[in-house]
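Quick notes on the structure that follows.
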There are 2 protein chains.
Amino acid sequence: MPLLVQKYGGTSVGSKARIEAVADKVIAYKEQGNDMVVVVSAMSGETNRLVALAQEINPNPAGRELDVLLSTGEQVTIALLTMALHKRGYAAKSYTGIQASIITDSTHNKARIKSIDREKIQSDLDSGNIVVVAGFQGVDEQSNITTLGRGGSDTTGVALAAVLNADECQIFTDVDGVYTTDPRVVPEARRLKTITYEEMLEMASLGSRVLQIRAVEFAQKYKVPLRVLSSFEEGEGTLITTDDEADEIMEQALISGIAFNRDEAQLTINGVADTPGIAYQILGPISDANIEVDMILQNVSADGTTDFTFTVHRNDYETALASLKNTAKQLEAREVSGNNRIVKVSIVGVGMRSHAGTASRMFKLLANEGINILMISTSEIKVSVVVDEKYLELAVRALHDGFDLKSEN
Amino acid sequence: MPLLVQKYGGTSVGSKARIEAVADKVIAYKEQGNDMVVVVSAMSGETNRLVALAQEINPNPAGRELDVLLSTGEQVTIALLTMALHKRGYAAKSYTGIQASIITDSTHNKARIKSIDREKIQSDLDSGNIVVVAGFQGVDEQSNITTLGRGGSDTTGVALAAVLNADECQIFTDVDGVYTTDPRVVPEARRLKTITYEEMLEMASLGSRVLQIRAVEFAQKYKVPLRVLSSFEEGEGTLITTDDEADEIMEQALISGIAFNRDEAQLTINGVADTPGIAYQILGPISDANIEVDMILQNVSADGTTDFTFTVHRNDYETALASLKNTAKQLEAREVSGNNRIVKVSIVGVGMRSHAGTASRMFKLLANEGINILMISTSEIKVSVVVDEKYLELAVRALHDGFDLKSEN
């Protein structure tokens, strides 16, 4: 019998009515002849309520105790969903993280799963139960309750699918799949039938926040077919799988999607001596200030000095600029400049591995629209450009059109 | 170092401010040189909220899932109290029922504790921690979460005190001790310094609802000194202990207190044949209707028939009367009568064991006030009478005066 692991997030179980709807949906899949394992999050708002309760009592709560507190959120949901399944006449059994023996390391609030005991769950499945598991939580080897951090329920789902050798891990969320780009920018954006793990990782890290990056990495590592579907609408969603699987399904398109990130800022230091360790001297103080650096470019000038440019989140722009000006004095740099009105636009696709000229086709499409490119960065399956923020929508639409993403891939 | 186990109920931890107050109180005892184990209930209202949530989804939830749901209530409290202790600079660690290895049988919603692993808690105490344990909950041998039923947190406290060999188990509640009788009826009622387990059991089952009966039985069985104190006021409370311990402290008075129960009703069937099995034929249908019977009296008449009288809760009066009339027809009884305007008043005291005439002194005191006694029932340390409800206050005051309960015992 095929085995599905389904995960429903906080919005999908956010009220009595929604929990009842999830029960109906799970039963429909069960009736189609699947064994079912269901992973649920806390009801929407519950985790925030509990965090606020903790903050009132101790603004800096110990990680161990915060996890004891937060893990009650999913525990409530598993009990309620199991009761709803019982009411409909189906055998079902709930599991907390401890009960499912989801063993993690001891990093409270962002623990990593080390192992899951499949025996108990498999035995319940074999005797016809729908198994309902609390997402987001586990237990370390000293029986301390741990949580996996925000979005950790996706990871619980993928990990369970891996150990149970499930046919598919289905993540139900409030969007109906992964799109070629944000439909709010390009109304013609199209839902992808398939996407590879690598592409999904690039899309996710570039701002298309459908799935937790860790869950995708986990799925890639254990080759778990992962599907994103809507809790609220019917549909096939998007299947995230390996290159080979995706190829089997259809000829892979050149690029799969266009990601973008609005909240970027760019900083440049010109004319510093091109000596070993210069990058660390420039970026060390930035990272000491807990500022994350995204793109980094270094050009060599003819005079033996170098120009150094990097991007940060727009919120960190002022702090980073002050730090860089200070560094510039010490290094006797010629000049420091910055721009916090920029955005990053990226094309992502495993197809570009085997097709030369994808980057130049991108640059031509942007040039046709008169869009000036400020920075370029490339990886094996991605090309990113930084442009003035006023060009964001124009650039995304030009690329979506130019790479023919509207038609079925 | 002396070890105290303290239990705080739902009202005592019902808000952020009250949890902070409990933290201060626990620390004060710790600073006096005690090792501290603290058992807490769910914040007041929380258990009812969770039950209502379950009812909405499934009016008849499975016991296993209800326990998964309800046990989150105490789990929230242990985390918050531990955070409050940390904020005050004290080492503290929380334990759920599973983590404390509170092993119970598998009777969901009213499980009984079978064992507790003392090792982990003792080791935390030895390293200076205040240990905070979730009351009311445990786990069966198959790792299913169980709950002990309403008031079960008292039992958790006593059980922990027993296995840890604590010097005292202190139950903090919203009254400041056990009184000679209800101060709302007799304003001169006096808080008892000590009372024996047996007396407390008689007082509790007779309607002085300060402690759960099971917790007192447990304390008696394992000889755990049990103290009832107020969460909100300073004071010594009432120590519940053995005969010998109580005697050591002071000369035991003749009686310790006067209990009463307003919600009684009495039913009588007259003139039934006095044959073997007649009691079962009369009470079987009552018990089949899930009605609890309290006092039972049977008199033999001269003519070989018997009269049979029993009391039930007033809410069950009509149902019991209908059932009894039906039985009377089958048994060809002479008559059925009933009275739902009665109350039960009892004197309780281990002192009456060694003092003859306590019962007749009670009857004389009631006769002096012109109070007619409808039924009498006695046990080794208790005499109960049933009287018309209009005499309740008069009877309780006459007995409180007559047995000299106002003065220090």
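Following the order of the structure tokens, first chain is A, next is B, and so on, with residues numbered from 1 inside each chain and ligands from 1 in the order they appear.
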
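Fitting chain A onto chain B across all of their Cα atoms brings the RMSD down to 0.2 Å.
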
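What chain B places within 8 Å of chain A, counting only C-alpha atoms, is Lys16, Glu20, Leu53, Ala54, Glu56, Ile57, Asn58, Pro61, Ala62, Glu65, Leu66, Val68, Leu69, Thr72, Gln75, Val76, Ala79, Leu80, Thr82, Met83, Ala84, His86, Lys87, Lys93, Ser94, Gln99, Ser143 and Asn144 of chain B.
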
Backbone-only DSSP, helix (DSSP H, G or I) members of region 24-256 of chain B, as a PyMOL selection string: chain B and resi 24-31+46-57+63-87+118-126+152-163+197-205+213-221+243-249

One decimal, in Å: what's the spacing between CA of Asp274 (chain B) and CA of Thr305 (chain B)? 5.0 Å

Nearest residue to Asp24 (chain A) from the set A:Tyr90, A:Val186, A:Pro2, A:Glu46 (distances using only C-alpha atoms): A:Tyr90

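Reported to one decimal place, the separation of CA of Glu236 (chain A) from CA of Cys169 (chain A) is 13.1 Å.
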
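If you look at CA of Lys120 (chain B) and CA of Gly135 (chain B), they are 16.8 Å away from each other.
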